[in-house]
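Student: Data file my_file-v8.cif (mmCIF, C-alpha atoms) is appended below.
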```
data_final
#
loop_
_atom_site.label_atom_id
_atom_site.label_comp_id
_atom_site.auth_asym_id
_atom_site.auth_seq_id
_atom_site.Cartn_x
_atom_site.Cartn_y
_atom_site.Cartn_z
CA MET A 1 198.68 216.64 -119.19
CA TRP A 2 195.11 216.30 -117.87
CA VAL A 3 195.55 212.52 -117.71
CA LEU A 4 198.69 212.92 -115.60
CA LEU A 5 196.93 215.32 -113.24
CA LYS A 6 194.03 212.90 -112.78
CA LEU A 7 196.41 210.04 -112.08
CA MET A 8 198.28 212.10 -109.49
CA ARG A 9 195.03 213.11 -107.79
CA LYS A 10 194.01 209.46 -107.57
CA GLY A 11 197.15 208.77 -105.59
CA ILE A 12 199.05 206.70 -108.13
CA LYS A 13 202.67 206.72 -107.02
CA ARG A 14 205.45 207.88 -109.28
CA PRO A 15 208.15 205.32 -110.04
CA LYS A 16 211.00 205.44 -107.58
CA ILE A 17 214.27 206.84 -108.85
CA LYS A 18 217.58 205.79 -107.41
CA CYS A 19 218.74 209.32 -106.70
CA ASN A 20 222.22 208.41 -105.48
CA ARG A 21 223.03 206.56 -108.69
CA LEU A 22 221.56 209.36 -110.81
CA ILE A 23 223.57 212.01 -108.94
CA LEU A 24 226.74 210.00 -109.53
CA GLN A 25 225.96 209.65 -113.24
CA VAL A 26 225.35 213.39 -113.63
CA ALA A 27 228.58 214.20 -111.78
CA LEU A 28 230.60 211.81 -113.96
CA PHE A 29 229.03 213.30 -117.09
CA PHE A 30 230.12 216.81 -116.19
CA LEU A 31 233.61 215.68 -115.22
CA ALA A 32 233.99 213.77 -118.48
CA PHE A 33 232.72 216.74 -120.46
CA GLY A 34 235.17 219.05 -118.76
CA ASN A 35 238.10 216.67 -119.12
CA HIS A 36 237.74 215.87 -122.80
CA GLY A 37 235.92 218.89 -124.17
CA TYR A 38 234.23 216.54 -126.67
CA GLY A 39 237.38 216.68 -128.77
CA PHE A 40 236.66 220.14 -130.16
CA SER A 41 240.23 221.33 -130.15
CA GLN A 42 243.60 219.76 -129.59
CA SER A 43 245.17 223.17 -128.91
CA LYS A 44 242.84 224.17 -126.09
CA VAL A 45 244.12 225.47 -122.76
CA ASP A 46 242.82 223.94 -119.53
CA HIS A 47 242.81 225.68 -116.15
CA TYR A 48 242.04 223.81 -112.93
CA VAL A 49 240.78 225.99 -110.07
CA SER A 50 240.52 223.75 -107.05
CA ILE A 51 242.46 224.94 -103.98
CA SER A 52 240.34 227.58 -102.23
CA PHE A 53 237.57 228.88 -104.45
CA SER A 54 234.06 229.66 -103.19
CA ARG A 55 232.87 231.30 -106.42
CA VAL A 56 232.10 228.10 -108.33
CA ARG A 57 228.33 228.59 -108.15
CA PRO A 58 228.33 232.19 -109.49
CA LEU A 59 230.72 231.44 -112.35
CA SER A 60 228.77 228.30 -113.27
CA MET A 61 225.86 230.69 -113.84
CA GLY A 62 227.78 232.93 -116.22
CA GLY A 63 228.81 235.32 -113.44
CA ALA A 64 225.24 236.66 -113.30
CA PHE A 65 225.08 236.83 -109.52
CA THR A 66 224.57 240.45 -108.47
CA ALA A 67 220.93 239.77 -107.53
CA ALA A 68 221.24 236.15 -106.35
CA GLU A 69 220.92 235.38 -102.64
CA GLY A 70 223.14 232.77 -101.05
CA GLY A 71 226.08 232.04 -98.78
CA ILE A 72 229.62 233.41 -98.62
CA GLU A 73 229.97 233.15 -102.40
CA THR A 74 227.68 236.19 -102.73
CA ILE A 75 229.99 238.66 -100.98
CA HIS A 76 232.35 238.74 -103.97
CA PHE A 77 229.51 239.78 -106.29
CA ASN A 78 227.17 241.76 -104.04
CA PRO A 79 227.63 241.73 -100.24
CA ALA A 80 224.06 242.96 -99.81
CA ALA A 81 222.76 239.66 -101.25
CA LEU A 82 224.17 237.52 -98.43
CA ARG A 83 221.52 235.44 -96.67
CA LEU A 84 222.59 232.81 -94.17
CA PHE A 85 220.19 232.59 -91.24
CA GLY A 86 217.58 235.07 -92.44
CA PHE A 87 215.64 236.78 -89.66
CA GLN A 88 216.10 234.12 -87.00
CA PRO A 89 216.32 235.61 -83.48
CA GLY A 90 219.51 235.59 -81.45
CA ILE A 91 223.16 235.45 -82.44
CA GLN A 92 224.30 232.69 -84.81
CA PHE A 93 227.85 231.65 -85.70
CA ALA A 94 229.04 229.85 -88.81
CA VAL A 95 232.57 228.60 -89.45
CA PHE A 96 233.48 227.42 -92.94
CA ILE A 97 236.13 224.73 -93.33
CA ASN A 98 238.08 223.98 -96.50
CA PRO A 99 239.76 220.55 -96.18
CA VAL A 100 241.13 220.58 -99.73
CA ALA A 101 243.65 223.44 -99.44
CA PRO A 102 245.62 222.17 -96.40
CA ALA A 103 245.65 218.61 -97.74
CA ALA A 104 246.97 219.74 -101.13
CA LEU A 105 249.57 222.05 -99.58
CA TYR A 106 250.75 219.36 -97.16
CA HIS A 107 251.11 216.93 -100.05
CA ASP A 108 253.20 219.39 -102.08
CA TYR A 109 255.39 220.24 -99.08
CA THR A 110 256.10 216.61 -98.21
CA ARG A 111 256.83 215.75 -101.83
CA SER A 112 259.43 218.52 -102.14
CA ASN A 113 260.90 218.28 -98.60
CA SER A 114 261.11 214.49 -98.18
CA GLY A 115 258.34 214.51 -95.57
CA CYS A 116 259.84 217.16 -93.26
CA LEU A 117 257.92 220.43 -92.80
CA SER A 118 259.26 223.59 -91.21
CA SER A 119 257.27 225.55 -88.64
CA ASP A 120 256.34 228.14 -91.31
CA GLN A 121 255.09 225.41 -93.61
CA TRP A 122 252.99 223.87 -90.84
CA TRP A 123 251.49 227.31 -90.19
CA ASN A 124 250.61 227.66 -93.88
CA VAL A 125 248.89 224.27 -93.82
CA ILE A 126 246.87 225.03 -90.68
CA ARG A 127 245.70 228.51 -91.69
CA LEU A 128 244.33 227.29 -95.02
CA LEU A 129 241.91 225.00 -93.20
CA PHE A 130 239.66 227.89 -92.11
CA LYS A 131 237.88 229.48 -95.06
CA GLY A 132 235.67 231.95 -93.22
CA VAL A 133 233.75 232.99 -90.13
CA VAL A 134 230.34 234.70 -89.98
CA ILE A 135 228.49 236.20 -87.01
CA SER A 136 224.81 236.67 -87.77
CA SER A 137 221.83 238.25 -86.05
CA SER A 138 218.32 239.10 -87.18
CA ARG A 139 219.52 242.43 -88.59
CA PHE A 140 223.16 242.07 -89.60
CA ASP A 141 225.88 239.67 -90.70
CA LEU A 142 229.56 240.31 -90.06
CA GLY A 143 232.39 238.09 -91.22
CA VAL A 144 235.67 237.34 -92.93
CA VAL A 145 236.55 235.08 -95.86
CA TRP A 146 240.23 234.18 -96.21
CA TYR A 147 242.48 232.94 -99.00
CA GLU A 148 240.10 233.19 -101.94
CA GLU A 149 241.93 232.37 -105.16
CA LEU A 150 242.37 235.00 -107.84
CA LEU A 151 242.04 233.76 -111.40
CA ASP A 152 245.11 235.79 -112.41
CA ARG A 153 247.17 232.92 -111.03
CA TYR A 154 245.94 230.63 -113.79
CA GLN A 155 246.62 233.18 -116.50
CA HIS A 156 250.29 233.29 -115.49
CA LEU A 157 250.70 229.56 -114.79
CA ASN A 158 249.00 227.58 -117.56
CA SER A 159 250.48 224.24 -116.48
CA LEU A 160 248.63 224.01 -113.14
CA LEU A 161 246.71 220.78 -112.54
CA PHE A 162 243.95 219.94 -110.08
CA PHE A 163 245.00 220.62 -106.46
CA ASP A 164 248.29 222.25 -107.49
CA THR A 165 249.36 224.83 -104.88
CA ASN A 166 252.22 226.37 -106.87
CA ARG A 167 252.29 230.16 -106.29
CA PHE A 168 248.96 230.05 -104.45
CA PHE A 169 250.02 232.66 -101.88
CA ASP A 170 251.02 235.03 -104.71
CA TYR A 171 247.46 235.38 -106.03
CA HIS A 172 244.64 235.48 -103.48
CA MET A 173 242.35 237.84 -101.61
CA GLY A 174 240.91 238.11 -98.12
CA THR A 175 237.63 239.92 -97.51
CA GLY A 176 235.93 241.42 -94.49
CA PHE A 177 232.24 242.17 -94.98
CA ILE A 178 229.12 243.51 -93.34
CA HIS A 179 225.53 242.88 -94.40
CA ILE A 180 222.71 244.97 -92.91
CA LYS A 181 219.06 243.90 -93.20
CA LEU A 182 217.02 247.08 -93.18
CA ALA A 183 213.76 245.24 -93.85
CA ASP A 184 212.42 242.12 -95.53
CA GLN A 185 212.72 243.88 -98.88
CA VAL A 186 215.92 245.93 -98.47
CA ALA A 187 219.50 245.13 -97.49
CA LEU A 188 222.84 246.91 -97.71
CA GLY A 189 226.32 245.45 -97.78
CA GLY A 190 229.96 246.40 -97.98
CA THR A 191 233.37 244.75 -98.17
CA ILE A 192 237.01 245.63 -97.70
CA THR A 193 239.32 243.26 -99.55
CA GLN A 194 243.07 242.84 -99.42
CA TYR A 195 244.38 241.69 -102.80
CA SER A 196 247.70 239.85 -102.87
CA VAL A 197 249.06 239.90 -106.42
CA LEU A 198 252.53 239.14 -107.72
CA VAL A 199 253.90 242.28 -109.40
CA GLY A 200 257.38 241.71 -110.80
CA ASP A 201 259.22 239.67 -108.19
CA LYS A 202 257.26 240.95 -105.18
CA VAL A 203 253.75 240.32 -103.89
CA ASP A 204 251.82 243.58 -103.76
CA ARG A 205 249.14 243.82 -101.08
CA SER A 206 246.55 246.51 -101.78
CA LEU A 207 243.03 247.24 -100.61
CA GLY A 208 239.83 247.29 -102.60
CA ALA A 209 236.18 247.66 -101.65
CA SER A 210 232.63 247.08 -102.81
CA TYR A 211 229.25 248.51 -101.79
CA GLY A 212 225.92 246.99 -102.66
CA ILE A 213 222.17 247.27 -102.27
CA PHE A 214 219.68 244.44 -102.56
CA LEU A 215 215.93 244.87 -103.16
CA LYS A 216 213.02 242.42 -103.22
CA PRO A 217 210.12 244.07 -105.09
CA ASN A 218 208.12 240.85 -104.73
CA PRO A 219 208.76 237.31 -103.40
CA ARG A 220 209.85 236.05 -106.82
CA MET A 221 212.08 238.92 -107.96
CA ASN A 222 215.35 240.36 -106.64
CA VAL A 223 217.28 243.42 -107.82
CA GLY A 224 220.92 244.10 -106.97
CA VAL A 225 223.33 246.98 -107.55
CA VAL A 226 227.02 246.89 -106.61
CA PHE A 227 229.92 249.32 -106.95
CA ILE A 228 233.35 247.71 -107.37
CA ASP A 229 236.57 249.50 -106.39
CA LEU A 230 239.74 247.56 -107.22
CA PRO A 231 243.36 248.34 -106.22
CA GLN A 232 245.22 250.78 -108.47
CA LYS A 233 248.19 248.43 -108.85
CA SER A 234 246.02 245.48 -109.92
CA PRO A 235 242.86 246.90 -111.55
CA SER A 236 242.44 243.79 -113.72
CA SER A 237 242.52 241.26 -110.86
CA ARG A 238 238.77 240.52 -111.26
CA ILE A 239 238.43 240.83 -115.05
CA VAL A 240 239.06 237.14 -115.87
CA LEU A 241 235.65 235.40 -116.16
CA GLU A 242 234.07 237.69 -113.53
CA ARG A 243 234.45 240.75 -115.80
CA PHE A 244 234.54 243.30 -112.98
CA GLU A 245 236.20 246.62 -113.81
CA ASP A 246 237.63 249.17 -111.39
CA GLU A 247 235.27 251.90 -110.13
CA THR A 248 232.20 250.66 -111.98
CA VAL A 249 228.52 250.16 -111.18
CA ASN A 250 227.05 246.73 -111.97
CA VAL A 251 223.38 245.77 -111.85
CA GLY A 252 221.47 242.51 -111.80
CA ILE A 253 218.02 240.99 -111.57
CA SER A 254 216.91 237.49 -110.61
CA TYR A 255 213.56 235.78 -110.89
CA LYS A 256 212.10 232.52 -109.62
CA LEU A 257 209.63 230.88 -111.96
CA PHE A 258 209.20 228.13 -109.38
CA ARG A 259 210.55 227.57 -105.90
CA SER A 260 213.33 225.28 -107.11
CA ASN A 261 214.81 227.39 -109.90
CA LEU A 262 216.48 230.75 -110.37
CA LEU A 263 216.96 232.87 -113.49
CA THR A 264 219.57 235.64 -113.32
CA LEU A 265 220.69 238.50 -115.53
CA ASP A 266 223.58 240.91 -114.91
CA ILE A 267 224.87 243.93 -116.77
CA ARG A 268 228.53 244.67 -116.12
CA ASN A 269 229.68 248.28 -115.96
CA ILE A 270 226.85 250.67 -116.71
CA SER A 271 228.86 253.70 -115.56
CA GLU A 272 232.23 253.86 -117.38
CA GLU A 273 232.55 253.97 -121.17
CA ASN A 274 236.34 253.71 -121.36
CA LYS A 275 236.60 250.20 -119.87
CA THR A 276 237.03 246.78 -121.48
CA ALA A 277 233.65 245.50 -120.27
CA VAL A 278 230.89 248.02 -120.99
CA ARG A 279 227.20 247.13 -120.58
CA GLU A 280 228.14 243.47 -120.92
CA VAL A 281 225.19 241.10 -120.46
CA HIS A 282 225.55 237.91 -118.39
CA ILE A 283 222.75 235.37 -117.97
CA GLY A 284 222.47 232.38 -115.64
CA LEU A 285 220.18 229.58 -114.53
CA GLU A 286 220.06 227.27 -111.53
CA GLN A 287 217.65 224.36 -111.15
CA ARG A 288 217.43 222.14 -108.08
CA LEU A 289 216.35 218.72 -109.31
CA TRP A 290 216.38 216.91 -105.97
CA ARG A 291 217.31 217.77 -102.43
CA HIS A 292 220.95 216.87 -103.03
CA LEU A 293 221.42 217.98 -106.63
CA ALA A 294 221.41 221.33 -108.43
CA VAL A 295 222.39 221.98 -112.05
CA ARG A 296 223.53 225.35 -113.38
CA GLY A 297 224.32 227.07 -116.64
CA GLY A 298 225.22 230.48 -117.98
CA PHE A 299 226.45 232.57 -120.88
CA PHE A 300 228.09 235.89 -121.67
CA LYS A 301 229.83 237.47 -124.61
CA LYS A 302 232.66 239.95 -124.60
CA LYS A 303 231.80 243.19 -126.30
CA TRP A 304 233.83 243.88 -129.47
CA SER A 305 235.21 240.33 -129.40
CA PRO A 306 234.36 237.02 -131.12
CA ASP A 307 234.80 235.18 -127.80
CA ARG A 308 231.73 233.73 -126.15
CA PHE A 309 231.68 232.07 -122.74
CA TYR A 310 229.47 229.10 -121.90
CA SER A 311 229.27 227.67 -118.39
CA LEU A 312 227.89 224.52 -116.77
CA GLY A 313 227.92 223.31 -113.19
CA ILE A 314 226.46 221.08 -110.52
CA GLY A 315 226.06 221.17 -106.75
CA LEU A 316 226.00 217.92 -104.78
CA VAL A 317 224.93 217.03 -101.20
CA ASN A 318 222.87 219.71 -99.48
CA LEU A 319 224.41 220.09 -96.01
CA ASN A 320 221.27 221.82 -94.71
CA LEU A 321 219.59 218.43 -94.49
CA PHE A 322 222.20 217.29 -91.95
CA ARG A 323 221.80 220.30 -89.66
CA SER A 324 219.23 220.96 -86.95
CA PHE A 325 216.33 223.19 -87.96
CA ALA A 326 217.61 226.09 -85.85
CA ARG A 327 221.03 225.90 -87.56
CA GLN A 328 219.87 225.55 -91.15
CA PHE A 329 220.78 228.23 -93.67
CA ASP A 330 218.04 229.96 -95.61
CA TYR A 331 219.48 228.63 -98.87
CA PRO A 332 220.84 225.17 -99.74
CA GLN A 333 224.53 224.82 -99.04
CA PHE A 334 226.05 222.16 -101.27
CA LEU A 335 229.09 220.33 -100.00
CA CYS A 336 230.68 219.85 -103.43
CA ASN A 337 230.41 222.18 -106.40
CA TYR A 338 231.84 221.68 -109.86
CA GLY A 339 231.75 224.19 -112.68
CA MET A 340 233.21 224.56 -116.13
CA VAL A 341 233.52 227.68 -118.27
CA VAL A 342 234.42 227.39 -121.95
CA ARG A 343 235.77 230.30 -123.97
CA TRP A 344 234.39 229.63 -127.44
CA ASN A 345 235.76 231.46 -130.47
CA LYS A 346 232.98 232.25 -132.93
CA VAL A 347 235.35 232.81 -135.88
CA ASP A 348 236.93 229.35 -136.03
CA ASN A 349 234.11 227.64 -134.07
CA LYS A 350 236.44 226.04 -131.53
CA GLY A 351 236.79 225.94 -127.78
CA LYS A 352 239.99 227.79 -126.92
CA GLU A 353 240.05 227.82 -123.13
CA TYR A 354 238.47 225.57 -120.51
CA TRP A 355 238.16 226.52 -116.85
CA HIS A 356 237.43 223.65 -114.44
CA MET A 357 236.41 224.75 -110.94
CA VAL A 358 235.87 222.62 -107.83
CA SER A 359 235.02 223.56 -104.25
CA LEU A 360 234.49 221.48 -101.13
CA LEU A 361 233.30 223.48 -98.13
CA LEU A 362 232.03 222.33 -94.75
CA SER A 363 230.22 224.52 -92.23
CA LEU A 364 230.13 224.24 -88.46
#
```
Can the structure in the file be given as structure tokens, please?
Tutor:
Amino acid sequence: MWVLLKLMRKGIKRPKIKCNRLILQVALFFLAFGNHGYGFSQSKVDHYVSISFSRVRPLSMGGAFTAAEGGIETIHFNPAALRLFGFQPGIQFAVFINPVAPAALYHDYTRSNSGCLSSDQWWNVIRLLFKGVVISSSRFDLGVVWYEELLDRYQHLNSLLFFDTNRFFDYHMGTGFIHIKLADQVALGGTITQYSVLVGDKVDRSLGASYGIFLKPNPRMNVGVVFIDLPQKSPSSRIVLERFEDETVNVGISYKLFRSNLLTLDIRNISEENKTAVREVHIGLEQRLWRHLAVRGGFFKKKWSPDRFYSLGIGLVNLNLFRSFARQFDYPQFLCNYGMVVRWNKVDNKGKEYWHMVSLLLSL
């Protein structure tokens, strides 16, 4: 170690690494891992979440995201943890574009209708292009995120493949949120969410809410607390992978060992004893290796169950580096995110369920 330090001080250059090739190799590794599952089980179930899903980063970190700062993905875990433009003066606007959803929907429509789309179908294609809008000032953020997929859809339709839009409008949520920065160390946040869930042969649309607080005791540590209130007709709409229960308090802590990494720990439901998830521990890790590459991992175990959940993920192409300094977000915004969650059964030592998640979001 001392030899390396002396060499660095003398100005000896490190060998150059072809980052683009390395990023491609890492991406292909994760995709191959997710596609084949290393041959652990021939009876495994695969789910492909790829239409309109901003929660890839949190779920790649085991769902331990209550105390993690970031972009619009944070509002579904703790709206008080949102941090786009920080304390920059003036009013800022951000529009998030999802090119995948309209392209996939258009493809499915043209395949089933011989290339002819009705006016309603064209409207569905156009409205899926806009993922969200945020208005930000030095003290508050106000915005909306539309058409966020619910994982219930994949529990009911096991045969869905990548970019399959079948029954998409039957399982999604739209969220309005506010984030208030009281000080550098304290923030509050709240959301109102409309859940659209297929109940019987009709889509039920009900409201839910969440309220959070975010604290920064020191520059390296964050603490988050969030209360989740889900609709009465669909109280289990956030239980799959996210493990959120209705009317429960959830807490989290995050810590940065270095500037480029983040360790997170969440405890689901510390308030209600009669729920499925009670004091359930989730842990996560994110490490930025280069400017355009981040790797993630996580773990949690269901209480009173042999099932364990392991997660892996990557983020590619930091869009901040293509924006002017005044328009850069406080945290890296990766263009493409891939994550995989494996439900591993401890009894027979096999992977039973594989969740593959992809998101592609642009910001204007």
Student: Counting only C-alpha atoms, what is within 6 Å of Val317 in chain A, bar same-chain residues fewer than 3 positions away, as number ranges by chain?
Tutor: A: 292, 334-335
Student: Let me know the residues the PyMOL selection byres ((chain A and resi 137) around 8) catches in the file above, as a count of residues only.
Tutor: 13
Student: For Glu280 in chain A, which residue among A:Thr191, A:His172, A:Phe53, A:Ala64 is the nearest when counting only C-alpha atoms?
Tutor: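 That would be A:Ala64, the residue with the smallest distance to Glu280 in chain A.
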Student: Between CA of Met221 in chain A and CA of Ser260 in chain A, measure the distance and give it in Å to one decimal.
Tutor: 13.7 Å
Student: Using the chain letters and residue numbers of this document, give as a PyMOL selection string the residues selected by the PyMOL selection byres ((chain A and resi 68-70) around 10).
Tutor: chain A and resi 57-58+64-67+71-75+77-84+214+221-224+252-255+262-265+329-333
Student: Pick from A:Trp355, A:Lys303, A:Ser52, A:Phe325: nearest to Ala277 in chain A, with all atoms listed in the file counted?
Tutor: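 Checking each candidate against Ala277 in chain A, we get A:Lys303 as the closest.
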